[in-house]
Amino acid sequence: MTITRSEFAMARRFTMLCLALICAFSLTAGAASASKTDVQTAKPDGSKHRELPSFKKPKHLDAADIYDAPGDIKLLLGTLQGIVNREQPRIYLIESQEEGKLTWLKDIKVPYTLHQDYWEVFSAYRNEVKGMVVYDPQVPDTINVATTLAGLKNAVVASPELAVKLSKAPYKLKIVDDLRGKFNSRIDAYTWQYENLWKKTNHQMLIGLDPDTAIRIPSGMPESFVTITEEKQQIRDASNRNTYSLDLSTLLGKSSVYLRFDDAFTQDGWGPAVHEVTVKADGKEIANFIAGTPEEEQFLYDRQNSKVAEGEGGHRFADNGNYFVYEFSPPVGTQNLTAEVDMWNQYKVSAGNIRPLSAEQREPYAYLRDYAVANKAMVFWLDSNIPEQKALFEKIMSDVKPGTPYLGWFSNDVEGEFSSVEIASRYGVYVLAADWFSNLTVFSGTKPNLTPVKKSPRPALENKIYVTYTFTEGDNFQYNQHRMRVMWDDPARGKVPINWTSSPLLYEGAPAILNYYVNTATPNDLLIAGPSGAGYFYPEAWPDSSFRLFLQQTEKYMKKTGMTIPYVLNRVDSENVPLTPFKAKAYAQDYHAPGLFISYEDNYGVEIVNDSLPVSTIRGISTVQDGLQVLNEAKANWDGKSPLFVSLGLLAWSTTPSDALAITEELGTEFKVVRADDYFSLIRESYHLPPSK
């Protein structure tokens with residue numbers, strides 16, 4: 001979750017879009033195990049005592065490496081996986097390599113055969129599907145409608161090109177539905193789906209998935225590009241705003257010149273901000289535009305994950321690993337090409353004359369579709385900031401019972417997050433960010449096996465500044481699967497106390513992942529519940545009538561996982577608000593929380609709500625520099641006469657345990673770094689509150 005401009009936009013997807021170069025590894029070939037004798041007839045367990053369906057325990061997995069496969073192949077294999085794994089998890093898809101291609105496959109300790117040729121796996125299980133649903137590339141949202149139909153009809157989803165291949169030998173699949181030409185728009189497709197398919201689908205969950213995504217582009221600048229100017233200081237306050245003159249003449253000679261803007265300091269999220277661009281060829285103006293206007297569009301070659309903001313007269317910015325590219329085509333024979341750019345903050349500007357790959361090129365989005373198909377769930381992608389789509393979004397939310405999970409994510413990035421989570425919360429629906437999660441049908445078949453949480457004795461209360469570090473993003477299933485594993489493997493982990501927000505519902509959705517974290521934790525590692533408990537929701541928006549019952553129903557996951565301390569986000573109209581006494585009392589009585597963290601602010605503090613519940617505001621940081629500045633200021637303003645409590649929220653996409661260690665090593669004896677359980681115990685003693693039960 002992100003709430004400031006510095007962490008704006010693609011925090012959840014930042015990791016996936018900045019994947020490292022492909023790791024080399026050996027492939028063990030083998031025949032696919034599709035023996036009918038191994039197939040169990042049991043369906044996913046959707047019994048009421050569970051939040052998420054369970055699957056049979058996997059016995060053997062055929063792993064298909066689809067990391068470099070085209071999007072329509074990933075979609076095809078993902079929907080095949082859903083049909084096959086519904087009966088017994090047997091297919092595992094290698095879609096990501098951030099934490100290592102085989103990392104989790106090895107850790108779940110299930111025998112597997114690794115296939116370099118994914119068609120081997122498709123051929124082995126082809127007879128378990130009844131046909132294919134063909135989507136319409138002209139209306140990408142038909143990919144989601146096709147996914148819903150695939151689950152209902154035991155079919156796979158195919159592009160028109162793949163449909164031609166699959167209809168012939170050796171596959172000979174028939175087309176059970178063809179969506180080409182059936183719909184004219186997104187709302188047209190989803191309205192038809194709601195009216196015709198909704199009643200046939202599983203209402204135990206809702207699933208929101210982007211139908212397509214940008215093609216994967218290697219991280220870093222294209223090889224043909226050269227850096228022409230770069231800000232060397234970490235400037236965040238626009239104090240370096242200027243109109244910069246850039247000479248692009250050396251790049252002339254081909255049809256176009258490409259001007260790219262990156263974040264010079266990707267770790268702290270204050271990348272280039274561009275207001276106006278003017279380009280002249282031999283002194284004659286060939287382009288002039290202000291970011292965010294219609295005039296910009298004709299030159300915007302690749303917006304990637306950049307965003308437009310209204311401040312400073314309007315500007316486009318790109319933080320962290322994001323960027324944007326303009327294309328200019330000077331007249332033939334141009335001798336001198338210059339650009340005047342009004343920009344500020346941490347810019348890195350490069351240019352080239354060879355057309356690079358563009359994130360504007362889209363391909364089908366395949367993650368989580370195995371789970372949607374296996375559970376016969378309805379898949380949609382509606383923008384809650386567009387009235388017509390919002391109305392349908394709310395209609396769907398109103399049709400499910402309070403306490404229903406919504407898996408996936410939302411359109412329109414951060415704006416979509418804030419408004420959509422608030423709407424979902426109003427209907428008693430909680431969110432599990434899982435749109436980049438792989439193989440959920442496999443992980444749901446693993447079983448919990450948790451060892452007791454390790455703990456060191458609590459330090460005695462003194463007049464010190466007590467600091468606790470909390471890594472954010474724990475409501476996020478794919479963070480648990482990908483980024484958190486990378487951070488967990490940091491050699492510095494365990495050297496200082498750290499709170500790791502995580503999802504208590506891993507207990508049902510991915511026990512093998514939860515097992516790994518709990519069973520390898522050191523006494524300095526503490527798992528706590530990510531926003532805002534068993535799922536991501538805004539307590540203020542959730543109806544009072546069902547709030548306590550929901551907490552009571554999900555408290556067992558907090559207890560079973562040891563995540564008894566929740567981190568809460570509470571927003572109304574995209575603004576952080578305090579907990580009402582009623583909601584705070586519910587956390588104390590129904591979650592039995594000894595204390596809770598709240599928000600992600602530019603300040604910190606402790607409040608005792610209802611004279612009984614310590615609530616600590618998290619001060620967000622994204623670099624070591626940020627952390628040291630906050631703590632040095634705390635020390636300067638501290639009178640030393642009583643304990644002071646400071647909670648730092650470390651942005652999980654840009655900081656690591658090594659950063660937490662680096663901060664700690666700079667602190668004096670006035671400071672004491674502690675885990676969250678000790679932090680709230682010390683607060684309770686300091687404020688003369690009874691110990692938590």
# chains A, B, ... in the order shown; residues from 1 in each chain; ligands from 1
$ residues_around --residues "Lys556 (chain A)" --least-positions-apart "4" --cutoff "12 Å" --atoms "only C-alpha atoms" --output "MDAnalysis selection string"
chainID A and resid 49:51 504:505 507:508 533:534 550:552 560:564 590:592
$ write_last_selection --atoms "C-alpha atoms" --output "PDB file, in the first residue's frame"
ATOM      1  CA  HIS A  49     -15.390 -22.889   8.198  1.00  0.00           C
ATOM      2  CA  ARG A  50     -12.747 -21.753   5.704  1.00  0.00           C
ATOM      3  CA  GLU A  51     -12.150 -18.366   4.125  1.00  0.00           C
ATOM      4  CA  PRO A 504      -2.711 -14.639   8.047  1.00  0.00           C
ATOM      5  CA  LEU A 505      -4.700 -16.263   5.240  1.00  0.00           C
ATOM      6  CA  TYR A 507      -2.620 -20.463   6.474  1.00  0.00           C
ATOM      7  CA  GLU A 508      -5.214 -21.583   3.908  1.00  0.00           C
ATOM      8  CA  GLY A 533      -5.995  -8.078   9.774  1.00  0.00           C
ATOM      9  CA  ALA A 534      -6.993 -11.245   7.951  1.00  0.00           C
ATOM     10  CA  PHE A 550     -15.980 -10.728  10.690  1.00  0.00           C
ATOM     11  CA  LEU A 551     -13.166 -10.132  13.180  1.00  0.00           C
ATOM     12  CA  GLN A 552     -14.398 -12.992  15.326  1.00  0.00           C
ATOM     13  CA  LYS A 560      -2.936 -19.987  14.452  1.00  0.00           C
ATOM     14  CA  THR A 561      -0.259 -18.001  12.611  1.00  0.00           C
ATOM     15  CA  GLY A 562       1.002 -16.045  15.610  1.00  0.00           C
ATOM     16  CA  MET A 563       0.191 -12.771  13.809  1.00  0.00           C
ATOM     17  CA  THR A 564      -1.689 -11.338  16.756  1.00  0.00           C
ATOM     18  CA  ASP A 590     -12.325  -9.717  18.955  1.00  0.00           C
ATOM     19  CA  TYR A 591      -8.739  -9.842  17.671  1.00  0.00           C
ATOM     20  CA  HIS A 592      -7.350  -9.634  21.223  1.00  0.00           C
TER      21      HIS A 592
END
$ residues_around --residues "Ser256 (chain A)" --least-positions-apart "2" --cutoff "7 Å" --atoms "only C-alpha atoms" --output "compact mmCIF listing (two decimals) with C-alpha atoms, in the first residue's frame"
# COMPACT_ATOMS: atom_id res chain seq x y z
CA LYS A 254 17.53 7.81 -38.62
CA TYR A 258 13.77 8.79 -28.54
CA GLU A 327 9.48 9.98 -29.86
CA PHE A 328 10.36 12.83 -32.19
CA SER A 329 10.70 12.61 -35.99
CA PRO A 330 12.74 15.53 -37.32
CA ASN A 353 17.72 6.57 -32.32
$ residues_around --residues "Tyr536 (chain A)" --least-positions-apart "3" --cutoff "12 Å" --atoms "only C-alpha atoms" --output "ChimeraX atom specification"
/A:1,403-409,417-418,420-422,424-425,428-434,473-477,501-505,529-533,539,541-542,566-571
$ atom_distance --atom1 "CA of Glu128 (chain A)" --atom2 "CA of Thr213 (chain A)"
28.3 Å
$ residues_around --residues "region 680-692 of chain A" --least-positions-apart "5" --cutoff "7 Å" --atoms "only C-alpha atoms" --output "list in words"
Leu461, Pro594, Gly595 and Ser612 of chain A
$ write_last_selection --atoms "all heavy atoms" --output "PDB file, in the first residue's frame"
ATOM      1  N   LEU A 461      11.889  -1.820  30.939  1.00  0.00           N
ATOM      2  CA  LEU A 461      11.511  -0.462  30.553  1.00  0.00           C
ATOM      3  C   LEU A 461      12.493   0.550  31.143  1.00  0.00           C
ATOM      4  O   LEU A 461      12.758   0.550  32.349  1.00  0.00           O
ATOM      5  CB  LEU A 461      10.098  -0.165  31.040  1.00  0.00           C
ATOM      6  CG  LEU A 461       9.560   1.233  30.701  1.00  0.00           C
ATOM      7  CD1 LEU A 461       9.386   1.383  29.188  1.00  0.00           C
ATOM      8  CD2 LEU A 461       8.230   1.482  31.414  1.00  0.00           C
ATOM      9  N   PRO A 594      -2.822  -6.804  21.350  1.00  0.00           N
ATOM     10  CA  PRO A 594      -2.153  -6.092  22.440  1.00  0.00           C
ATOM     11  C   PRO A 594      -1.884  -4.632  22.092  1.00  0.00           C
ATOM     12  O   PRO A 594      -1.587  -3.813  22.952  1.00  0.00           O
ATOM     13  CB  PRO A 594      -0.841  -6.858  22.600  1.00  0.00           C
ATOM     14  CG  PRO A 594      -0.591  -7.471  21.262  1.00  0.00           C
ATOM     15  CD  PRO A 594      -1.945  -7.788  20.700  1.00  0.00           C
ATOM     16  N   GLY A 595      -1.972  -4.327  20.816  1.00  0.00           N
ATOM     17  CA  GLY A 595      -1.754  -2.993  20.275  1.00  0.00           C
ATOM     18  C   GLY A 595      -1.813  -3.122  18.777  1.00  0.00           C
ATOM     19  O   GLY A 595      -1.809  -4.237  18.235  1.00  0.00           O
ATOM     20  N   SER A 612      -7.421   1.841  26.622  1.00  0.00           N
ATOM     21  CA  SER A 612      -7.028   0.438  26.752  1.00  0.00           C
ATOM     22  C   SER A 612      -6.177  -0.094  25.603  1.00  0.00           C
ATOM     23  O   SER A 612      -5.398  -1.030  25.803  1.00  0.00           O
ATOM     24  CB  SER A 612      -8.271  -0.448  26.880  1.00  0.00           C
ATOM     25  OG  SER A 612      -9.093  -0.323  25.720  1.00  0.00           O
TER      26      SER A 612
END
$ closest_residue --among "A:Lys495, A:Lys559, A:Lys307, A:Lys585" --to "Val673 (chain A)" --atoms "only C-alpha atoms"
A:Lys495
$ select_by_dssp --residues "region 203-447 of chain A" --states "strand (DSSP E or B)" --output "PyMOL selection string"
chain A and resi 206-208+212-214+226-230+242-247+252+254+257-263+273-281+284-290+300-302+307-309+315-317+323-328+337-344+347-352+362-364+379-380+404-408+429-433
$ closest_residue --among "A:Phe410, A:Leu392, A:Leu661, A:Ala69" --to "Arg493 (chain A)" --atoms "only C-alpha atoms"
A:Leu661
$ residues_around --residues "Leu75 (chain A)" --least-positions-apart "4" --cutoff "7 Å" --atoms "only C-alpha atoms" --output "list in words"
Gly71, Thr79, Val157, Pro364, Tyr365 and Ala366 of chain A
$ residues_around --residues "Asn144 (chain A)" --least-positions-apart "5" --cutoff "12 Å" --atoms "only C-alpha atoms" --output "ChimeraX atom specification"
/A:75,79,133-137,139,149-151,157-158,179,186,189-190,193-194,207-212,364-369,372-373,377-382
$ residues_around --residues "Ala318 (chain A)" --least-positions-apart "4" --cutoff "8 Å" --atoms "only C-alpha atoms" --output "list of chain:residue names"
A:Phe261, A:Asp262, A:Asp263, A:Trp270, A:Gly271, A:Pro272, A:Ala273, A:Asn305, A:Ser306, A:Lys307, A:Asn322, A:Tyr323, A:Phe324
$ closest_residue --among "A:Ala662, A:Ile83, A:Val332, A:Val257" --to "Arg355 (chain A)" --atoms "only C-alpha atoms"
A:Val257
$ atom_distance --atom1 "CA of Gln138 (chain A)" --atom2 "CA of Ile217 (chain A)"
23.0 Å
$ select_by_dssp --residues "region 123-180 of chain A" --states "alpha helix (DSSP H)" --output "ChimeraX atom specification"
/A:123-125,142-153,160-166
$ closest_residue --among "A:Gly220, A:Gly253, A:Pro452, A:Gly269" --to "Arg236 (chain A)" --atoms "only C-alpha atoms"
A:Gly269
$ closest_residue --among "A:Lys153, A:Asp525, A:Val496, A:Phe537" --to "Tyr427 (chain A)" --atoms "only C-alpha atoms"
A:Phe537
